[in-house]
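Working notes, structure below.
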Amino acid sequence: MMRKIGIIGVIAFLFAACRPSANVTTPPTAGRANFVNYLAIGDNYTGGFMNGTLTVSGQLNSFPEMLFEQFQKIQGSKAARGPFIQPLLHSDNGYPGPKLVLGLTHSLCIPNDSSLAPVLFSPFIPDPIDAQRYVYPANNGQINNLGVLGIRVADYGVAGYALVANNLGLPYASRFYNNTAGTPLDELNHAVNNLYPTFFTMELGMNDVLLYALNGGQGNGTGNAIPIAPGTYNAIDIIPTAFFDSNYDAALNAAIITGASGALLNIPDITALPYFNAIPANGLNLARQGQADTLLSYWAGQSWTKVFQPGANYFIIKDHNNVTRQAVRGELILMTCPLDSINCAGWGSTVPIPDSLVLTTDEIQFIRSAVTAYNSFIQFEAQRHHLAYVDINSFFSSLQTGYAYNGITYNTQFIANGAFSLDGINPTQRGYALIANKVIKTINQFYGSTITLLDVNKYHGIDFP
């Protein structure tokens, strides 16, 4: 009935490195900031996660690592001093599970059909050293990068967070937290007291709304979620703004207690990530009028408006009210929707795509309203404490229409974009370099620094087989 739906499409360009078009000759200076001791506080992006897991190459190409390398180049006594300690893995296979790589996939119902798509790295052999607790042998276990996959601002007051997260399949904090029975705020206080940072970056808040989106809006998105225990919220709920603000303020106060300068990164538009746009909501492609007539007849007894015609059509979905209907413009299909179910089992045509794989218009509005509210508070905190405010949200918006850097245009198109990895959420090395440059530009403007920008194109984008 349908022409084959593919994720990748045509790859528009090869991800080859280009030389910068101009040489930077301005000496790198610190301005009003002091970068001697740098501390990175954050979640997925701070930790360098990419391709669906944690790898040592991701850690070594996290945006905080890139920033540290540029901070080291500053002339004078305010330059960053090493080492910049991250809880590095031993292997690059993926932890705790395999990374995603590009590989050939074969249709279950279309003979001799194959295409390039993300597949799990195989053979995956877990490295037992990766699962061991990471302890840096000097300075009371110094850690400069506190990036933890999945952590929310809402979790910063949860006692035993590292242990709870480990039991839920997120073992990242338990690998390096000084006290796994304490709260993430306790860990931050420990890191600050150990390192006595003079500069920090804080990239927090994305997961307070992302987990709701990743679960297809199955939780409470109204902003009025009820805690499941005192100070603890369901992982799939959007965190109420007042609770977010209180926990963010507590974390920030811990970070600035030494008088450190810093930069606060806001939250991107979650719904613009490739994960929510790789499969278009109007991806039901009909080749002939007869196919359209068949679907019109099939759904004739339903009261909702039906539009089927040759070409692109909106999928049939089940919404959060358990109502079967045709998707409308602006609604989103999650990347985890199995394409073989669409191509071979009638999903989206004669079988509605489950609600857990769809974001409807009101769920999208819940997400965007929460991001706007969180970002408003982050900006308020930056202004109140005289810190740089890094508008990642606006920068990611510019990626939607294409961001040119030295001959390569980066965008949010899945795979053929260079900026986002195969999981559709976390950046590639090049994506992290773009984030690092945005941070540097903001620091330079706010603190009067002249820190050198990175050559984004020297890093890896998507690795093709």
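FYI, nothing fancy with the structure tokens labels: chains A, B, ... in order, residues from 1 per chain, ligands from 1 as they appear.
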Give me every strand (DSSP E) residue in stretch 19-55 of chain A, going by DSSP on the backbone, as a PyMOL selection string. chain A and resi 38-42
Please list as a PyMOL selection string every residue within 8 Å of stretch 116-129 of chain A, counting only C-alpha atoms and excluding residues in the same chain fewer than 3 positions away. chain A and resi 7-8+89-91+93-105+132+422
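Atom CA of A:Asn277 is positioned 23.7 Å from atom CA of A:Thr305.
Considering the residues A:Leu39, A:Ala250, A:Leu60, A:Ile443 and counting only C-alpha atoms, A:Val390 has its shortest atom-to-atom contact with A:Ile443.
Compared by their closest atoms to A:Pro111, and using only C-alpha atoms, the residues A:Ala235, A:Ala278, A:Cys344, A:Ile425 rank with A:Cys344 nearest.
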Using DSSP assignments from the backbone, pull out every residue in stretch 179-413 of chain A that falls under helix (DSSP H, G or I) and give it to me as a VMD selection string. chain A and resid 184 to 195 207 to 214 241 to 255 270 to 272 274 to 276 289 to 298 339 to 344 355 to 357 361 to 384 392 to 401
So, counting only C-alpha atoms, which residue among A:Tyr374, A:Phe396, A:Phe176, A:Tyr233 is closest to A:Gly205? A:Tyr374
When you look at A:Gly301 with a cut-off of 12 Å (counting only C-alpha atoms), what residues show up, excluding the ones that are within fewer than 5 positions of it in the same chain? I need them as a list in words. Leu295, Leu296, Lys306, Thr324 and Arg325 of chain A
Those same residues, written as a CSV table (one decimal), in the first residue's frame with C-alpha atoms?
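Generated file (result_36.csv):
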chain,number,residue,atom,x,y,z
A,295,LEU,CA,-8.2,3.8,3.4
A,296,LEU,CA,-11.1,6.2,3.1
A,306,LYS,CA,-10.1,11.9,7.1
A,324,THR,CA,-8.0,6.9,17.2
A,325,ARG,CA,-7.6,9.7,14.6
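Distance annotation: of A:Asn145, A:Ser115, A:Gln429, A:Asn207, the residue with the minimal separation from A:Glu187 is A:Asn145; atom set is only C-alpha atoms.
Proximity of A:His386, A:Arg368, A:Lys438, A:His460 to A:Ile270, computed with only C-alpha atoms, is greatest for A:Arg368.
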In Å, how far is it from atom CA of A:Thr412 to atom CA of A:Leu334? 14.8 Å
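Atom CA of A:Gly141 is found 27.7 Å from atom CA of A:Gly76.
With only C-alpha atoms as the atoms that count, the minimum distance from A:Ala255 to the choices A:Phe420, A:Trp304, A:Phe199, A:Phe243 is reached by A:Phe199.
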Could you pull the residues within 9 Å of A:Val358, counting only C-alpha atoms, minus those fewer than 6 positions along the same chain, as a PyMOL selection string? chain A and resi 215-217+276+317-320+331-334+337
Name the residues in contact with A:Ile256 at a cut-off of 12 Å, using only C-alpha atoms, excluding same-chain residues fewer than 2 positions from it; report them as number ranges by chain. A: 39, 41, 188-189, 192-193, 196-202, 249-254, 258-264, 381-382, 385-387
Using N, CA, C and O atoms, can you write the selected residues to a file as a CSV table (one decimal), in the first residue's frame?
chain,number,residue,atom,x,y,z
A,39,LEU,N,35.2,23.8,36.8
A,39,LEU,CA,34.2,22.7,37.2
A,39,LEU,C,33.0,22.7,36.3
A,39,LEU,O,32.4,23.8,36.0
A,41,ILE,N,29.3,21.3,35.6
A,41,ILE,CA,28.1,20.7,36.3
A,41,ILE,C,27.0,20.5,35.3
A,41,ILE,O,26.7,21.4,34.5
A,188,LEU,N,27.9,17.8,44.7
A,188,LEU,CA,28.4,19.1,44.2
A,188,LEU,C,29.1,19.9,45.2
A,188,LEU,O,30.2,20.4,45.0
A,189,ASN,N,28.6,19.8,46.4
A,189,ASN,CA,29.3,20.5,47.5
A,189,ASN,C,30.7,19.9,47.8
A,189,ASN,O,31.6,20.6,48.0
A,192,VAL,N,33.0,21.1,45.0
A,192,VAL,CA,33.3,22.5,45.1
A,192,VAL,C,34.4,22.7,46.3
A,192,VAL,O,35.4,23.4,46.1
A,193,ASN,N,34.2,22.0,47.4
A,193,ASN,CA,35.1,22.0,48.5
A,193,ASN,C,36.5,21.5,48.1
A,193,ASN,O,37.5,21.9,48.6
A,196,TYR,N,37.6,23.9,44.7
A,196,TYR,CA,37.6,25.4,44.9
A,196,TYR,C,37.6,26.1,43.6
A,196,TYR,O,38.5,26.8,43.2
A,197,PRO,N,36.5,25.9,42.8
A,197,PRO,CA,36.5,26.4,41.4
A,197,PRO,C,36.6,27.9,41.3
A,197,PRO,O,35.9,28.6,42.1
A,198,THR,N,37.2,28.4,40.3
A,198,THR,CA,37.2,29.8,40.0
A,198,THR,C,36.3,30.1,38.8
A,198,THR,O,35.9,31.2,38.6
A,199,PHE,N,35.9,29.0,38.1
A,199,PHE,CA,35.0,29.1,37.0
A,199,PHE,C,34.2,27.8,36.8
A,199,PHE,O,34.8,26.7,37.0
A,200,PHE,N,32.9,27.9,36.4
A,200,PHE,CA,32.1,26.7,36.3
A,200,PHE,C,31.1,26.9,35.1
A,200,PHE,O,30.8,28.1,34.7
A,201,THR,N,30.7,25.8,34.5
A,201,THR,CA,29.5,25.8,33.6
A,201,THR,C,28.5,25.0,34.3
A,201,THR,O,28.8,24.0,34.9
A,202,MET,N,27.2,25.4,34.1
A,202,MET,CA,26.1,24.6,34.6
A,202,MET,C,25.1,24.4,33.4
A,202,MET,O,24.5,25.3,32.9
A,249,ASP,N,18.2,26.7,42.1
A,249,ASP,CA,18.8,27.8,42.9
A,249,ASP,C,19.8,27.2,44.0
A,249,ASP,O,20.8,27.7,44.2
A,250,ALA,N,19.4,26.0,44.6
A,250,ALA,CA,20.2,25.4,45.6
A,250,ALA,C,21.5,24.9,44.9
A,250,ALA,O,22.6,25.1,45.5
A,251,ALA,N,21.5,24.3,43.7
A,251,ALA,CA,22.7,23.9,43.0
A,251,ALA,C,23.6,25.0,42.7
A,251,ALA,O,24.8,25.0,42.8
A,252,LEU,N,22.9,26.1,42.2
A,252,LEU,CA,23.7,27.3,41.8
A,252,LEU,C,24.4,27.9,43.0
A,252,LEU,O,25.6,28.3,42.9
A,253,ASN,N,23.7,28.0,44.1
A,253,ASN,CA,24.3,28.6,45.3
A,253,ASN,C,25.5,27.8,45.7
A,253,ASN,O,26.5,28.3,46.2
A,254,ALA,N,25.4,26.5,45.6
A,254,ALA,CA,26.6,25.6,45.9
A,254,ALA,C,27.8,25.9,45.0
A,254,ALA,O,28.9,25.9,45.4
A,258,THR,N,32.3,29.8,46.3
A,258,THR,CA,33.7,30.2,46.3
A,258,THR,C,33.9,31.5,45.6
A,258,THR,O,35.1,32.0,45.5
A,259,GLY,N,32.8,32.1,45.1
A,259,GLY,CA,33.0,33.4,44.4
A,259,GLY,C,33.3,33.2,42.9
A,259,GLY,O,33.8,34.1,42.3
A,260,ALA,N,33.1,32.0,42.4
A,260,ALA,CA,33.5,31.6,41.1
A,260,ALA,C,32.6,32.4,40.1
A,260,ALA,O,31.4,32.7,40.3
A,261,SER,N,33.2,32.7,38.9
A,261,SER,CA,32.5,33.2,37.8
A,261,SER,C,32.0,31.9,37.1
A,261,SER,O,32.4,30.8,37.3
A,262,GLY,N,31.0,32.2,36.1
A,262,GLY,CA,30.5,31.0,35.4
A,262,GLY,C,29.6,31.3,34.3
A,262,GLY,O,29.3,32.5,34.0
A,263,ALA,N,29.1,30.3,33.7
A,263,ALA,CA,28.2,30.4,32.5
A,263,ALA,C,27.0,29.4,32.7
A,263,ALA,O,27.3,28.2,33.0
A,264,LEU,N,25.8,29.8,32.6
A,264,LEU,CA,24.6,29.0,32.7
A,264,LEU,C,24.1,28.7,31.3
A,264,LEU,O,23.7,29.7,30.6
A,381,GLU,N,18.5,33.8,37.1
A,381,GLU,CA,19.6,33.5,38.0
A,381,GLU,C,20.9,34.0,37.5
A,381,GLU,O,21.7,34.5,38.2
A,382,ALA,N,21.1,33.9,36.2
A,382,ALA,CA,22.3,34.5,35.6
A,382,ALA,C,22.4,36.0,35.8
A,382,ALA,O,23.5,36.5,36.2
A,385,HIS,N,23.1,36.8,39.6
A,385,HIS,CA,24.4,36.5,40.2
A,385,HIS,C,25.5,36.9,39.2
A,385,HIS,O,26.7,36.6,39.4
A,386,HIS,N,25.2,37.7,38.2
A,386,HIS,CA,26.2,38.3,37.3
A,386,HIS,C,27.0,37.2,36.6
A,386,HIS,O,28.2,37.2,36.7
A,387,LEU,N,26.3,36.3,36.0
A,387,LEU,CA,26.9,35.1,35.3
A,387,LEU,C,26.5,35.2,33.9
A,387,LEU,O,25.5,35.8,33.5
If we count only C-alpha atoms, what is near A:Arg175 at a cut-off of 6 Å, once residues fewer than 3 positions away on the same chain are taken out, given as a PDB file with all heavy atoms, in the first residue's frame?
ATOM      1  N   ARG A 133      34.224   1.150  40.049  1.00  0.00           N
ATOM      2  CA  ARG A 133      34.104   2.501  40.590  1.00  0.00           C
ATOM      3  C   ARG A 133      35.342   3.315  40.225  1.00  0.00           C
ATOM      4  O   ARG A 133      36.477   2.844  40.344  1.00  0.00           O
ATOM      5  CB  ARG A 133      33.955   2.421  42.109  1.00  0.00           C
ATOM      6  CG  ARG A 133      33.741   3.752  42.789  1.00  0.00           C
ATOM      7  CD  ARG A 133      33.397   3.516  44.250  1.00  0.00           C
ATOM      8  NE  ARG A 133      33.393   4.760  44.994  1.00  0.00           N
ATOM      9  CZ  ARG A 133      32.421   5.649  44.973  1.00  0.00           C
ATOM     10  NH1 ARG A 133      31.366   5.417  44.212  1.00  0.00           N
ATOM     11  NH2 ARG A 133      32.479   6.745  45.684  1.00  0.00           N
ATOM     12  N   TYR A 134      35.124   4.543  39.747  1.00  0.00           N
ATOM     13  CA  TYR A 134      36.232   5.415  39.354  1.00  0.00           C
ATOM     14  C   TYR A 134      36.616   6.299  40.535  1.00  0.00           C
ATOM     15  O   TYR A 134      35.776   7.037  41.073  1.00  0.00           O
ATOM     16  CB  TYR A 134      35.843   6.289  38.158  1.00  0.00           C
ATOM     17  CG  TYR A 134      36.969   7.185  37.685  1.00  0.00           C
ATOM     18  CD1 TYR A 134      37.819   6.778  36.666  1.00  0.00           C
ATOM     19  CD2 TYR A 134      37.187   8.429  38.273  1.00  0.00           C
ATOM     20  CE1 TYR A 134      38.858   7.595  36.246  1.00  0.00           C
ATOM     21  CE2 TYR A 134      38.214   9.245  37.853  1.00  0.00           C
ATOM     22  CZ  TYR A 134      39.050   8.830  36.839  1.00  0.00           C
ATOM     23  OH  TYR A 134      40.083   9.632  36.424  1.00  0.00           O
ATOM     24  N   TYR A 172      25.642   5.724  35.988  1.00  0.00           N
ATOM     25  CA  TYR A 172      26.691   6.719  35.746  1.00  0.00           C
ATOM     26  C   TYR A 172      27.141   7.408  37.030  1.00  0.00           C
ATOM     27  O   TYR A 172      28.340   7.536  37.302  1.00  0.00           O
ATOM     28  CB  TYR A 172      26.199   7.725  34.711  1.00  0.00           C
ATOM     29  CG  TYR A 172      25.659   7.047  33.485  1.00  0.00           C
ATOM     30  CD1 TYR A 172      24.287   6.924  33.270  1.00  0.00           C
ATOM     31  CD2 TYR A 172      26.520   6.464  32.554  1.00  0.00           C
ATOM     32  CE1 TYR A 172      23.789   6.265  32.159  1.00  0.00           C
ATOM     33  CE2 TYR A 172      26.034   5.807  31.441  1.00  0.00           C
ATOM     34  CZ  TYR A 172      24.666   5.706  31.253  1.00  0.00           C
ATOM     35  OH  TYR A 172      24.166   5.036  30.157  1.00  0.00           O
TER      36      TYR A 172
END
